[in-house]
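Below is target32.txt, holding compact mmCIF, N, CA and C atoms.
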# COMPACT_ATOMS: atom_id res chain seq x y z
N MET Y 1 12.15 21.22 -0.05
CA MET Y 1 11.22 20.11 -0.02
C MET Y 1 10.43 20.19 1.29
N ILE Y 2 9.15 20.13 1.18
CA ILE Y 2 8.29 20.16 2.35
C ILE Y 2 7.86 18.74 2.67
N ALA Y 3 8.02 18.36 3.91
CA ALA Y 3 7.60 17.03 4.34
C ALA Y 3 6.51 17.18 5.38
N THR Y 4 5.53 16.35 5.28
CA THR Y 4 4.51 16.32 6.32
C THR Y 4 4.55 14.95 6.97
N SER Y 5 4.39 14.95 8.26
CA SER Y 5 4.43 13.69 8.99
C SER Y 5 3.40 13.74 10.10
N THR Y 6 2.68 12.65 10.26
CA THR Y 6 1.71 12.57 11.34
C THR Y 6 1.89 11.26 12.08
N ASN Y 7 1.60 11.30 13.36
CA ASN Y 7 1.77 10.12 14.21
C ASN Y 7 0.48 9.60 14.79
N THR Y 8 -0.65 10.09 14.34
CA THR Y 8 -1.91 9.64 14.91
C THR Y 8 -2.39 8.38 14.22
N LYS Y 9 -2.99 7.51 15.01
CA LYS Y 9 -3.53 6.28 14.43
C LYS Y 9 -4.83 6.60 13.72
N LYS Y 10 -4.92 6.20 12.48
CA LYS Y 10 -6.13 6.42 11.70
C LYS Y 10 -6.79 5.06 11.52
N ARG Y 11 -7.89 4.88 12.19
CA ARG Y 11 -8.60 3.61 12.13
C ARG Y 11 -9.52 3.58 10.93
N PRO Y 12 -9.62 2.44 10.28
CA PRO Y 12 -10.52 2.33 9.12
C PRO Y 12 -11.98 2.41 9.56
N ASP Y 13 -12.80 2.91 8.65
CA ASP Y 13 -14.23 3.00 8.92
C ASP Y 13 -14.92 1.66 8.67
N ASN Y 14 -14.23 0.75 8.05
CA ASN Y 14 -14.84 -0.53 7.70
C ASN Y 14 -13.82 -1.65 7.89
N ARG Y 15 -14.10 -2.78 7.33
CA ARG Y 15 -13.20 -3.93 7.48
C ARG Y 15 -12.40 -4.17 6.21
N THR Y 16 -12.09 -3.09 5.48
CA THR Y 16 -11.34 -3.25 4.23
C THR Y 16 -10.01 -2.51 4.20
N ASP Y 17 -9.73 -1.72 5.22
CA ASP Y 17 -8.53 -0.88 5.20
C ASP Y 17 -7.60 -1.17 6.37
N PRO Y 18 -6.31 -0.91 6.17
CA PRO Y 18 -5.36 -1.04 7.28
C PRO Y 18 -5.50 0.14 8.23
N ILE Y 19 -4.91 0.01 9.41
CA ILE Y 19 -4.82 1.13 10.35
C ILE Y 19 -3.51 1.84 10.04
N ILE Y 20 -3.59 3.14 9.80
CA ILE Y 20 -2.39 3.93 9.50
C ILE Y 20 -1.86 4.49 10.82
N SER Y 21 -0.69 4.00 11.24
CA SER Y 21 -0.09 4.43 12.51
C SER Y 21 0.61 5.77 12.35
N TRP Y 22 1.29 5.96 11.24
CA TRP Y 22 1.93 7.23 10.91
C TRP Y 22 2.14 7.31 9.42
N GLN Y 23 2.35 8.52 8.95
CA GLN Y 23 2.63 8.71 7.53
C GLN Y 23 3.57 9.89 7.37
N CYS Y 24 4.37 9.85 6.32
CA CYS Y 24 5.28 10.93 5.99
C CYS Y 24 5.25 11.12 4.48
N ILE Y 25 4.90 12.31 4.06
CA ILE Y 25 4.83 12.62 2.63
C ILE Y 25 5.82 13.75 2.35
N ALA Y 26 6.76 13.50 1.43
CA ALA Y 26 7.77 14.49 1.08
C ALA Y 26 7.98 14.48 -0.42
N GLY Y 27 7.49 15.50 -1.08
CA GLY Y 27 7.65 15.58 -2.53
C GLY Y 27 6.93 14.45 -3.22
N ASP Y 28 7.67 13.69 -4.03
CA ASP Y 28 7.11 12.59 -4.81
C ASP Y 28 7.19 11.24 -4.09
N GLU Y 29 7.48 11.27 -2.79
CA GLU Y 29 7.60 10.02 -2.05
C GLU Y 29 6.77 10.07 -0.77
N ALA Y 30 6.27 8.91 -0.37
CA ALA Y 30 5.50 8.82 0.87
C ALA Y 30 5.77 7.48 1.54
N ARG Y 31 5.63 7.48 2.85
CA ARG Y 31 5.72 6.25 3.64
C ARG Y 31 4.55 6.22 4.61
N PHE Y 32 3.97 5.04 4.72
CA PHE Y 32 2.84 4.82 5.61
C PHE Y 32 3.15 3.61 6.47
N SER Y 33 2.99 3.74 7.78
CA SER Y 33 3.11 2.60 8.67
C SER Y 33 1.72 2.01 8.82
N LEU Y 34 1.57 0.75 8.44
CA LEU Y 34 0.26 0.11 8.39
C LEU Y 34 0.18 -1.06 9.36
N GLN Y 35 -0.85 -1.05 10.17
CA GLN Y 35 -1.16 -2.20 11.02
C GLN Y 35 -2.26 -2.98 10.29
N ILE Y 36 -2.06 -4.27 10.14
CA ILE Y 36 -3.00 -5.11 9.39
C ILE Y 36 -3.95 -5.80 10.38
N PRO Y 37 -5.19 -5.29 10.49
CA PRO Y 37 -6.14 -5.90 11.43
C PRO Y 37 -6.51 -7.32 11.04
N GLY Y 38 -6.72 -8.15 12.02
CA GLY Y 38 -7.09 -9.54 11.76
C GLY Y 38 -8.52 -9.73 11.30
N ASN Y 39 -9.35 -8.68 11.43
CA ASN Y 39 -10.76 -8.82 11.07
C ASN Y 39 -11.09 -8.31 9.66
N LEU Y 40 -10.09 -8.07 8.84
CA LEU Y 40 -10.35 -7.62 7.47
C LEU Y 40 -11.14 -8.69 6.71
N ILE Y 41 -12.07 -8.25 5.90
CA ILE Y 41 -12.91 -9.21 5.16
C ILE Y 41 -12.09 -10.07 4.20
N TYR Y 42 -10.94 -9.58 3.78
CA TYR Y 42 -10.11 -10.32 2.82
C TYR Y 42 -9.55 -11.62 3.40
N PHE Y 43 -9.45 -11.68 4.72
CA PHE Y 43 -8.90 -12.87 5.35
C PHE Y 43 -9.92 -14.00 5.52
N GLU Y 44 -11.21 -13.69 5.36
CA GLU Y 44 -12.24 -14.69 5.63
C GLU Y 44 -12.16 -15.91 4.71
N ASP Y 45 -11.90 -15.70 3.45
CA ASP Y 45 -11.85 -16.82 2.50
C ASP Y 45 -10.48 -16.97 1.82
N HIS Y 46 -9.49 -16.26 2.30
CA HIS Y 46 -8.19 -16.26 1.63
C HIS Y 46 -7.09 -16.49 2.66
N PHE Y 47 -6.85 -17.52 3.17
CA PHE Y 47 -7.40 -18.85 3.01
C PHE Y 47 -7.84 -19.35 4.37
N PRO Y 48 -8.85 -20.22 4.43
CA PRO Y 48 -9.27 -20.74 5.73
C PRO Y 48 -8.09 -21.39 6.47
N ASN Y 49 -7.98 -21.09 7.75
CA ASN Y 49 -6.93 -21.61 8.64
C ASN Y 49 -5.53 -21.09 8.33
N HIS Y 50 -5.36 -20.28 7.29
CA HIS Y 50 -4.06 -19.67 6.99
C HIS Y 50 -4.30 -18.39 6.18
N PRO Y 51 -4.85 -17.34 6.84
CA PRO Y 51 -5.21 -16.13 6.12
C PRO Y 51 -3.99 -15.33 5.63
N ILE Y 52 -4.06 -14.90 4.37
CA ILE Y 52 -3.04 -14.02 3.80
C ILE Y 52 -3.73 -12.89 3.03
N LEU Y 53 -3.08 -11.76 2.96
CA LEU Y 53 -3.63 -10.60 2.27
C LEU Y 53 -3.43 -10.77 0.76
N PRO Y 54 -4.52 -10.77 -0.02
CA PRO Y 54 -4.39 -10.95 -1.47
C PRO Y 54 -3.59 -9.82 -2.13
N GLY Y 55 -2.88 -10.16 -3.17
CA GLY Y 55 -2.09 -9.18 -3.91
C GLY Y 55 -2.94 -8.07 -4.50
N VAL Y 56 -4.13 -8.39 -4.96
CA VAL Y 56 -5.00 -7.36 -5.54
C VAL Y 56 -5.40 -6.33 -4.48
N VAL Y 57 -5.51 -6.73 -3.23
CA VAL Y 57 -5.82 -5.80 -2.14
C VAL Y 57 -4.62 -4.89 -1.89
N GLN Y 58 -3.43 -5.46 -1.94
CA GLN Y 58 -2.23 -4.63 -1.77
C GLN Y 58 -2.18 -3.55 -2.85
N THR Y 59 -2.50 -3.92 -4.08
CA THR Y 59 -2.52 -2.96 -5.18
C THR Y 59 -3.59 -1.90 -4.96
N LYS Y 60 -4.74 -2.30 -4.46
CA LYS Y 60 -5.82 -1.34 -4.16
C LYS Y 60 -5.35 -0.33 -3.11
N TRP Y 61 -4.71 -0.81 -2.05
CA TRP Y 61 -4.22 0.09 -1.01
C TRP Y 61 -3.20 1.07 -1.57
N VAL Y 62 -2.34 0.61 -2.48
CA VAL Y 62 -1.37 1.51 -3.12
C VAL Y 62 -2.11 2.63 -3.84
N MET Y 63 -3.10 2.28 -4.63
CA MET Y 63 -3.87 3.29 -5.37
C MET Y 63 -4.60 4.23 -4.41
N ASP Y 64 -5.20 3.70 -3.37
CA ASP Y 64 -5.94 4.53 -2.41
C ASP Y 64 -5.01 5.52 -1.71
N LEU Y 65 -3.88 5.04 -1.21
CA LEU Y 65 -2.97 5.91 -0.47
C LEU Y 65 -2.20 6.86 -1.37
N ALA Y 66 -2.02 6.50 -2.63
CA ALA Y 66 -1.33 7.39 -3.58
C ALA Y 66 -2.12 8.68 -3.81
N ARG Y 67 -3.40 8.66 -3.54
CA ARG Y 67 -4.23 9.87 -3.71
C ARG Y 67 -3.80 10.98 -2.75
N GLN Y 68 -3.00 10.66 -1.76
CA GLN Y 68 -2.51 11.67 -0.83
C GLN Y 68 -1.25 12.38 -1.34
N LEU Y 69 -0.69 11.87 -2.42
CA LEU Y 69 0.51 12.48 -3.00
C LEU Y 69 0.13 13.64 -3.92
N PRO Y 70 1.04 14.59 -4.11
CA PRO Y 70 0.77 15.71 -5.01
C PRO Y 70 0.90 15.28 -6.48
N LEU Y 71 -0.16 14.68 -7.00
CA LEU Y 71 -0.17 14.16 -8.36
C LEU Y 71 -1.09 15.00 -9.24
N PRO Y 72 -0.83 15.02 -10.54
CA PRO Y 72 -1.81 15.65 -11.43
C PRO Y 72 -3.17 14.98 -11.21
N GLU Y 73 -4.23 15.76 -11.29
CA GLU Y 73 -5.57 15.27 -10.94
C GLU Y 73 -5.96 14.00 -11.67
N SER Y 74 -5.60 13.87 -12.93
CA SER Y 74 -6.05 12.72 -13.71
C SER Y 74 -5.05 11.56 -13.70
N PHE Y 75 -3.94 11.71 -13.02
CA PHE Y 75 -2.87 10.71 -13.04
C PHE Y 75 -3.37 9.31 -12.71
N LEU Y 76 -4.02 9.14 -11.56
CA LEU Y 76 -4.46 7.82 -11.11
C LEU Y 76 -5.65 7.28 -11.90
N GLU Y 77 -6.34 8.15 -12.60
CA GLU Y 77 -7.51 7.71 -13.36
C GLU Y 77 -7.13 7.01 -14.66
N HIS Y 78 -5.87 7.11 -15.05
CA HIS Y 78 -5.42 6.52 -16.32
C HIS Y 78 -4.48 5.34 -16.12
N PHE Y 79 -4.81 4.50 -15.16
CA PHE Y 79 -4.03 3.30 -14.88
C PHE Y 79 -4.03 2.38 -16.11
N SER Y 80 -2.86 1.83 -16.44
CA SER Y 80 -2.81 0.93 -17.60
C SER Y 80 -2.25 -0.46 -17.28
N THR Y 81 -1.12 -0.54 -16.58
CA THR Y 81 -0.51 -1.86 -16.33
C THR Y 81 0.22 -1.89 -14.98
N VAL Y 82 0.49 -3.12 -14.53
CA VAL Y 82 1.35 -3.35 -13.38
C VAL Y 82 2.57 -4.09 -13.91
N THR Y 83 3.75 -3.62 -13.57
CA THR Y 83 4.99 -4.29 -13.98
C THR Y 83 5.89 -4.47 -12.75
N LYS Y 84 6.90 -5.28 -12.93
CA LYS Y 84 7.90 -5.53 -11.88
C LYS Y 84 7.26 -6.03 -10.59
N LEU Y 85 6.13 -6.71 -10.69
CA LEU Y 85 5.39 -7.17 -9.52
C LEU Y 85 6.06 -8.40 -8.91
N LYS Y 86 6.36 -8.31 -7.62
CA LYS Y 86 7.00 -9.42 -6.91
C LYS Y 86 6.35 -9.58 -5.54
N PHE Y 87 6.08 -10.81 -5.19
CA PHE Y 87 5.57 -11.14 -3.86
C PHE Y 87 6.62 -12.04 -3.21
N MET Y 88 7.29 -11.51 -2.19
CA MET Y 88 8.38 -12.24 -1.57
C MET Y 88 7.98 -12.93 -0.26
N ARG Y 89 7.10 -12.29 0.51
CA ARG Y 89 6.67 -12.83 1.80
C ARG Y 89 5.18 -12.58 1.95
N LEU Y 90 4.53 -13.39 2.76
CA LEU Y 90 3.09 -13.28 2.96
C LEU Y 90 2.76 -12.22 4.00
N ILE Y 91 1.75 -11.40 3.71
CA ILE Y 91 1.23 -10.44 4.68
C ILE Y 91 0.06 -11.12 5.39
N THR Y 92 0.21 -11.29 6.69
CA THR Y 92 -0.79 -12.01 7.49
C THR Y 92 -1.39 -11.06 8.54
N PRO Y 93 -2.51 -11.46 9.15
CA PRO Y 93 -3.14 -10.62 10.16
C PRO Y 93 -2.20 -10.25 11.30
N GLY Y 94 -2.33 -9.01 11.77
CA GLY Y 94 -1.54 -8.55 12.91
C GLY Y 94 -0.19 -7.96 12.56
N LYS Y 95 0.23 -8.05 11.31
CA LYS Y 95 1.54 -7.51 10.92
C LYS Y 95 1.55 -5.98 11.01
N GLN Y 96 2.72 -5.43 11.32
CA GLN Y 96 2.97 -3.99 11.26
C GLN Y 96 3.99 -3.82 10.14
N ILE Y 97 3.59 -3.17 9.05
CA ILE Y 97 4.45 -3.04 7.88
C ILE Y 97 4.49 -1.59 7.42
N THR Y 98 5.44 -1.30 6.55
CA THR Y 98 5.56 0.03 5.95
C THR Y 98 5.28 -0.08 4.46
N LEU Y 99 4.54 0.89 3.96
CA LEU Y 99 4.33 1.02 2.52
C LEU Y 99 5.06 2.26 2.05
N GLN Y 100 5.96 2.08 1.09
CA GLN Y 100 6.69 3.20 0.48
C GLN Y 100 6.15 3.40 -0.93
N LEU Y 101 5.82 4.63 -1.26
CA LEU Y 101 5.36 4.99 -2.60
C LEU Y 101 6.33 6.01 -3.18
N ARG Y 102 6.62 5.86 -4.47
CA ARG Y 102 7.50 6.82 -5.15
C ARG Y 102 6.93 7.08 -6.54
N VAL Y 103 6.65 8.35 -6.82
CA VAL Y 103 6.05 8.74 -8.09
C VAL Y 103 7.13 9.21 -9.05
N SER Y 104 7.01 8.77 -10.29
CA SER Y 104 7.85 9.29 -11.37
C SER Y 104 6.91 9.89 -12.42
N SER Y 105 6.74 11.21 -12.36
CA SER Y 105 5.85 11.87 -13.31
C SER Y 105 6.37 11.75 -14.74
N SER Y 106 7.69 11.77 -14.90
CA SER Y 106 8.26 11.66 -16.24
C SER Y 106 8.00 10.30 -16.87
N ASN Y 107 8.02 9.24 -16.04
CA ASN Y 107 7.73 7.89 -16.54
C ASN Y 107 6.26 7.52 -16.42
N LYS Y 108 5.48 8.41 -15.81
CA LYS Y 108 4.07 8.14 -15.55
C LYS Y 108 3.91 6.81 -14.81
N SER Y 109 4.65 6.69 -13.71
CA SER Y 109 4.60 5.45 -12.95
C SER Y 109 4.62 5.73 -11.45
N LEU Y 110 4.19 4.74 -10.69
CA LEU Y 110 4.16 4.78 -9.24
C LEU Y 110 4.77 3.48 -8.74
N SER Y 111 5.94 3.56 -8.14
CA SER Y 111 6.59 2.38 -7.57
C SER Y 111 6.12 2.21 -6.13
N PHE Y 112 5.97 0.95 -5.71
CA PHE Y 112 5.56 0.69 -4.34
C PHE Y 112 6.36 -0.45 -3.76
N ARG Y 113 6.41 -0.45 -2.43
CA ARG Y 113 7.13 -1.49 -1.70
C ARG Y 113 6.51 -1.64 -0.32
N PHE Y 114 6.04 -2.85 0.00
CA PHE Y 114 5.57 -3.19 1.34
C PHE Y 114 6.74 -3.91 2.03
N PHE Y 115 7.14 -3.44 3.23
CA PHE Y 115 8.30 -4.05 3.89
C PHE Y 115 8.24 -3.84 5.40
N ASP Y 116 9.13 -4.55 6.09
CA ASP Y 116 9.38 -4.30 7.51
C ASP Y 116 10.88 -4.46 7.72
N ASP Y 117 11.31 -4.50 8.99
CA ASP Y 117 12.75 -4.57 9.26
C ASP Y 117 13.38 -5.91 8.86
N LYS Y 118 12.56 -6.90 8.53
CA LYS Y 118 13.08 -8.20 8.10
C LYS Y 118 13.18 -8.33 6.58
N GLY Y 119 12.63 -7.35 5.85
CA GLY Y 119 12.72 -7.40 4.39
C GLY Y 119 11.41 -7.05 3.70
N ASP Y 120 11.39 -7.28 2.41
CA ASP Y 120 10.24 -6.93 1.58
C ASP Y 120 9.16 -8.00 1.61
N TYR Y 121 7.91 -7.54 1.57
CA TYR Y 121 6.76 -8.42 1.38
C TYR Y 121 6.39 -8.45 -0.10
N SER Y 122 6.29 -7.26 -0.69
CA SER Y 122 5.94 -7.18 -2.11
C SER Y 122 6.41 -5.84 -2.65
N SER Y 123 6.51 -5.77 -3.98
CA SER Y 123 6.88 -4.52 -4.63
C SER Y 123 6.40 -4.57 -6.07
N GLY Y 124 6.37 -3.43 -6.69
CA GLY Y 124 5.95 -3.37 -8.08
C GLY Y 124 5.86 -1.94 -8.56
N GLN Y 125 5.35 -1.82 -9.77
CA GLN Y 125 5.23 -0.50 -10.38
C GLN Y 125 3.89 -0.43 -11.12
N LEU Y 126 3.11 0.61 -10.82
CA LEU Y 126 1.88 0.87 -11.53
C LEU Y 126 2.18 1.89 -12.62
N ASN Y 127 1.72 1.62 -13.82
CA ASN Y 127 1.99 2.51 -14.95
C ASN Y 127 0.69 3.15 -15.42
N PHE Y 128 0.82 4.38 -15.90
CA PHE Y 128 -0.34 5.16 -16.29
C PHE Y 128 -0.15 5.69 -17.70
N LYS Y 129 -1.28 5.91 -18.38
CA LYS Y 129 -1.24 6.42 -19.75
C LYS Y 129 -0.94 7.89 -19.77
Do you think you could lay out the structure here as structure tokens?
Amino acid sequence: MIATSTNTKKRPDNRTDPIISWQCIAGDEARFSLQIPGNLIYFEDHFPNHPILPGVVQTKWVMDLARQLPLPESFLEHFSTVTKLKFMRLITPGKQITLQLRVSSSNKSLSFRFFDDKGDYSSGQLNFK
């Protein structure tokens, strides 16, 4: 199994992406350390005086970062459903969290989990046709 790991901070080009502090990709699994900037556009209206990261944005980040995994070319293009979706804690500006991705080619699914040392923020499974 070949694992790649990088420790450089990757800053987003815009106000829609997290800062990737490090990443490790090994086979069908990957981990990304994400810093959540306070100036993301998603926090402006969600919600005033108590900003939280919307669940749909978390799902978008999963899909975006999954493109770094060794997947069949058309895998992510055939998204069909989200299952096992759970939101346990709120992701707020300034958080440092980890995103774990795990691909199951046989099940045509991508499991994800946002967490830190205190527990899970959210998790779920994206299914593909």
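In this comparison, which uses all atoms listed in the file, the residue of Y:Leu101, Y:His50, Y:Phe115, Y:Ser80 approaching Val62 of chain Y most closely is Y:Leu101.
Counting from atom CA of Phe112 of chain Y, the distance to atom CA of Phe87 of chain Y is 11.8 Å.
Distance-wise, atom CA of His46 of chain Y and atom N of Leu90 of chain Y end up 13.1 Å apart.
Counting only C-alpha atoms, the residue from Y:Leu99, Y:Ile19, Y:Val82, Y:Leu69 that sits nearest to Phe32 of chain Y is Y:Leu99.
Taking atom N of Glu44 of chain Y as the reference point, atom CA of Ile20 of chain Y is found at 20.1 Å.
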Check: Which polymer residues have any atom within 7 Å of an atom of Thr16 of chain Y, counting all atoms listed in the file, with same-chain residues fewer than 4 positions away left out, as number ranges by chain?
Finding: Y: 12, 39-42
Distance table requested - segment 17-98 of chain Y against segment 121-126 of chain Y, cut-off 6 Å, only N, CA and C atoms: one row per qualifying residue with the closest atom pair and its distance in Å to one decimal, ordered by chain and rising residue number, as JSON lines.
{"residue": "Y:Thr81", "atom": "C", "partner": "Y:Leu126", "partner_atom": "CA", "distance": 4.7}
{"residue": "Y:Val82", "atom": "CA", "partner": "Y:Gln125", "partner_atom": "C", "distance": 4.5}
{"residue": "Y:Thr83", "atom": "C", "partner": "Y:Gln125", "partner_atom": "N", "distance": 4.0}
{"residue": "Y:Lys84", "atom": "C", "partner": "Y:Gly124", "partner_atom": "CA", "distance": 3.9}
{"residue": "Y:Leu85", "atom": "CA", "partner": "Y:Gly124", "partner_atom": "CA", "distance": 4.1}
{"residue": "Y:Lys86", "atom": "N", "partner": "Y:Ser123", "partner_atom": "C", "distance": 4.0}
{"residue": "Y:Phe87", "atom": "CA", "partner": "Y:Ser122", "partner_atom": "CA", "distance": 4.3}
{"residue": "Y:Met88", "atom": "N", "partner": "Y:Tyr121", "partner_atom": "C", "distance": 3.8}
{"residue": "Y:Arg89", "atom": "N", "partner": "Y:Tyr121", "partner_atom": "C", "distance": 4.0}
{"residue": "Y:Leu90", "atom": "N", "partner": "Y:Tyr121", "partner_atom": "CA", "distance": 5.6}
Next item on the list: Do a neighbour search on Phe79 of chain Y at 6.5 Å with all atoms listed in the file, toss out local chain neighbours closer than 5 positions, and write the hits as a PyMOL selection string.
Entry: chain Y and resi 127-129
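On the backbone of this structure, DSSP gives helix (DSSP H, G or I) within chain Y to Ile41, Tyr42, Phe43, Gly55, Val56, Val57, Gln58, Thr59, Lys60, Trp61, Val62, Met63, Asp64, Leu65, Ala66, Phe75, Leu76, Glu77 and His78 of chain Y.
Restricting the calculation to all atoms listed in the file, the smallest distance between Pro93 of chain Y and any of Y:Gly38, Y:Pro48, Y:Pro54, Y:Pro70 is found for Y:Gly38.
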Using DSSP on the backbone coordinates, identify all residues within chain Y classified as strand (DSSP E); present the result as a short mmCIF file (atom, residue, chain, number, x, y, z; two decimals) with N, CA and C atoms, in the frame of the given file.
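Once written, selection05.cif looks like this:
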data_model
loop_
_atom_site.label_atom_id
_atom_site.label_comp_id
_atom_site.auth_asym_id
_atom_site.auth_seq_id
_atom_site.Cartn_x
_atom_site.Cartn_y
_atom_site.Cartn_z
N ALA Y 3 8.02 18.36 3.91
CA ALA Y 3 7.60 17.03 4.34
C ALA Y 3 6.51 17.18 5.38
N THR Y 4 5.53 16.35 5.28
CA THR Y 4 4.51 16.32 6.32
C THR Y 4 4.55 14.95 6.97
N SER Y 5 4.39 14.95 8.26
CA SER Y 5 4.43 13.69 8.99
C SER Y 5 3.40 13.74 10.10
N THR Y 6 2.68 12.65 10.26
CA THR Y 6 1.71 12.57 11.34
C THR Y 6 1.89 11.26 12.08
N ILE Y 19 -4.91 0.01 9.41
CA ILE Y 19 -4.82 1.13 10.35
C ILE Y 19 -3.51 1.84 10.04
N ILE Y 20 -3.59 3.14 9.80
CA ILE Y 20 -2.39 3.93 9.50
C ILE Y 20 -1.86 4.49 10.82
N SER Y 21 -0.69 4.00 11.24
CA SER Y 21 -0.09 4.43 12.51
C SER Y 21 0.61 5.77 12.35
N TRP Y 22 1.29 5.96 11.24
CA TRP Y 22 1.93 7.23 10.91
C TRP Y 22 2.14 7.31 9.42
N GLN Y 23 2.35 8.52 8.95
CA GLN Y 23 2.63 8.71 7.53
C GLN Y 23 3.57 9.89 7.37
N CYS Y 24 4.37 9.85 6.32
CA CYS Y 24 5.28 10.93 5.99
C CYS Y 24 5.25 11.12 4.48
N ILE Y 25 4.90 12.31 4.06
CA ILE Y 25 4.83 12.62 2.63
C ILE Y 25 5.82 13.75 2.35
N ALA Y 26 6.76 13.50 1.43
CA ALA Y 26 7.77 14.49 1.08
C ALA Y 26 7.98 14.48 -0.42
N GLU Y 29 7.48 11.27 -2.79
CA GLU Y 29 7.60 10.02 -2.05
C GLU Y 29 6.77 10.07 -0.77
N ALA Y 30 6.27 8.91 -0.37
CA ALA Y 30 5.50 8.82 0.87
C ALA Y 30 5.77 7.48 1.54
N ARG Y 31 5.63 7.48 2.85
CA ARG Y 31 5.72 6.25 3.64
C ARG Y 31 4.55 6.22 4.61
N PHE Y 32 3.97 5.04 4.72
CA PHE Y 32 2.84 4.82 5.61
C PHE Y 32 3.15 3.61 6.47
N SER Y 33 2.99 3.74 7.78
CA SER Y 33 3.11 2.60 8.67
C SER Y 33 1.72 2.01 8.82
N LEU Y 34 1.57 0.75 8.44
CA LEU Y 34 0.26 0.11 8.39
C LEU Y 34 0.18 -1.06 9.36
N GLN Y 35 -0.85 -1.05 10.17
CA GLN Y 35 -1.16 -2.20 11.02
C GLN Y 35 -2.26 -2.98 10.29
N PHE Y 79 -4.81 4.50 -15.16
CA PHE Y 79 -4.03 3.30 -14.88
C PHE Y 79 -4.03 2.38 -16.11
N SER Y 80 -2.86 1.83 -16.44
CA SER Y 80 -2.81 0.93 -17.60
C SER Y 80 -2.25 -0.46 -17.28
N THR Y 81 -1.12 -0.54 -16.58
CA THR Y 81 -0.51 -1.86 -16.33
C THR Y 81 0.22 -1.89 -14.98
N VAL Y 82 0.49 -3.12 -14.53
CA VAL Y 82 1.35 -3.35 -13.38
C VAL Y 82 2.57 -4.09 -13.91
N THR Y 83 3.75 -3.62 -13.57
CA THR Y 83 4.99 -4.29 -13.98
C THR Y 83 5.89 -4.47 -12.75
N LYS Y 84 6.90 -5.28 -12.93
CA LYS Y 84 7.90 -5.53 -11.88
C LYS Y 84 7.26 -6.03 -10.59
N LEU Y 85 6.13 -6.71 -10.69
CA LEU Y 85 5.39 -7.17 -9.52
C LEU Y 85 6.06 -8.40 -8.91
N LYS Y 86 6.36 -8.31 -7.62
CA LYS Y 86 7.00 -9.42 -6.91
C LYS Y 86 6.35 -9.58 -5.54
N PHE Y 87 6.08 -10.81 -5.19
CA PHE Y 87 5.57 -11.14 -3.86
C PHE Y 87 6.62 -12.04 -3.21
N GLN Y 96 2.72 -5.43 11.32
CA GLN Y 96 2.97 -3.99 11.26
C GLN Y 96 3.99 -3.82 10.14
N ILE Y 97 3.59 -3.17 9.05
CA ILE Y 97 4.45 -3.04 7.88
C ILE Y 97 4.49 -1.59 7.42
N THR Y 98 5.44 -1.30 6.55
CA THR Y 98 5.56 0.03 5.95
C THR Y 98 5.28 -0.08 4.46
N LEU Y 99 4.54 0.89 3.96
CA LEU Y 99 4.33 1.02 2.52
C LEU Y 99 5.06 2.26 2.05
N GLN Y 100 5.96 2.08 1.09
CA GLN Y 100 6.69 3.20 0.48
C GLN Y 100 6.15 3.40 -0.93
N LEU Y 101 5.82 4.63 -1.26
CA LEU Y 101 5.36 4.99 -2.60
C LEU Y 101 6.33 6.01 -3.18
N ARG Y 102 6.62 5.86 -4.47
CA ARG Y 102 7.50 6.82 -5.15
C ARG Y 102 6.93 7.08 -6.54
N VAL Y 103 6.65 8.35 -6.82
CA VAL Y 103 6.05 8.74 -8.09
C VAL Y 103 7.13 9.21 -9.05
N SER Y 104 7.01 8.77 -10.29
CA SER Y 104 7.85 9.29 -11.37
C SER Y 104 6.91 9.89 -12.42
N SER Y 109 4.65 6.69 -13.71
CA SER Y 109 4.60 5.45 -12.95
C SER Y 109 4.62 5.73 -11.45
N LEU Y 110 4.19 4.74 -10.69
CA LEU Y 110 4.16 4.78 -9.24
C LEU Y 110 4.77 3.48 -8.74
N SER Y 111 5.94 3.56 -8.14
CA SER Y 111 6.59 2.38 -7.57
C SER Y 111 6.12 2.21 -6.13
N PHE Y 112 5.97 0.95 -5.71
CA PHE Y 112 5.56 0.69 -4.34
C PHE Y 112 6.36 -0.45 -3.76
N ARG Y 113 6.41 -0.45 -2.43
CA ARG Y 113 7.13 -1.49 -1.70
C ARG Y 113 6.51 -1.64 -0.32
N PHE Y 114 6.04 -2.85 0.00
CA PHE Y 114 5.57 -3.19 1.34
C PHE Y 114 6.74 -3.91 2.03
N PHE Y 115 7.14 -3.44 3.23
CA PHE Y 115 8.30 -4.05 3.89
C PHE Y 115 8.24 -3.84 5.40
N ASP Y 116 9.13 -4.55 6.09
CA ASP Y 116 9.38 -4.30 7.51
C ASP Y 116 10.88 -4.46 7.72
N GLY Y 119 12.63 -7.35 5.85
CA GLY Y 119 12.72 -7.40 4.39
C GLY Y 119 11.41 -7.05 3.70
N ASP Y 120 11.39 -7.28 2.41
CA ASP Y 120 10.24 -6.93 1.58
C ASP Y 120 9.16 -8.00 1.61
N TYR Y 121 7.91 -7.54 1.57
CA TYR Y 121 6.76 -8.42 1.38
C TYR Y 121 6.39 -8.45 -0.10
N SER Y 122 6.29 -7.26 -0.69
CA SER Y 122 5.94 -7.18 -2.11
C SER Y 122 6.41 -5.84 -2.65
N SER Y 123 6.51 -5.77 -3.98
CA SER Y 123 6.88 -4.52 -4.63
C SER Y 123 6.40 -4.57 -6.07
N GLY Y 124 6.37 -3.43 -6.69
CA GLY Y 124 5.95 -3.37 -8.08
C GLY Y 124 5.86 -1.94 -8.56
N GLN Y 125 5.35 -1.82 -9.77
CA GLN Y 125 5.23 -0.50 -10.38
C GLN Y 125 3.89 -0.43 -11.12
N LEU Y 126 3.11 0.61 -10.82
CA LEU Y 126 1.88 0.87 -11.53
C LEU Y 126 2.18 1.89 -12.62
N ASN Y 127 1.72 1.62 -13.82
CA ASN Y 127 1.99 2.51 -14.95
C ASN Y 127 0.69 3.15 -15.42
N PHE Y 128 0.82 4.38 -15.90
CA PHE Y 128 -0.34 5.16 -16.29
C PHE Y 128 -0.15 5.69 -17.70
#
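Considering all atoms listed in the file, the residue among Y:Gly55, Y:Pro18, Y:Pro72, Y:Gly119 positioned nearest to Ile36 of chain Y is Y:Pro18.
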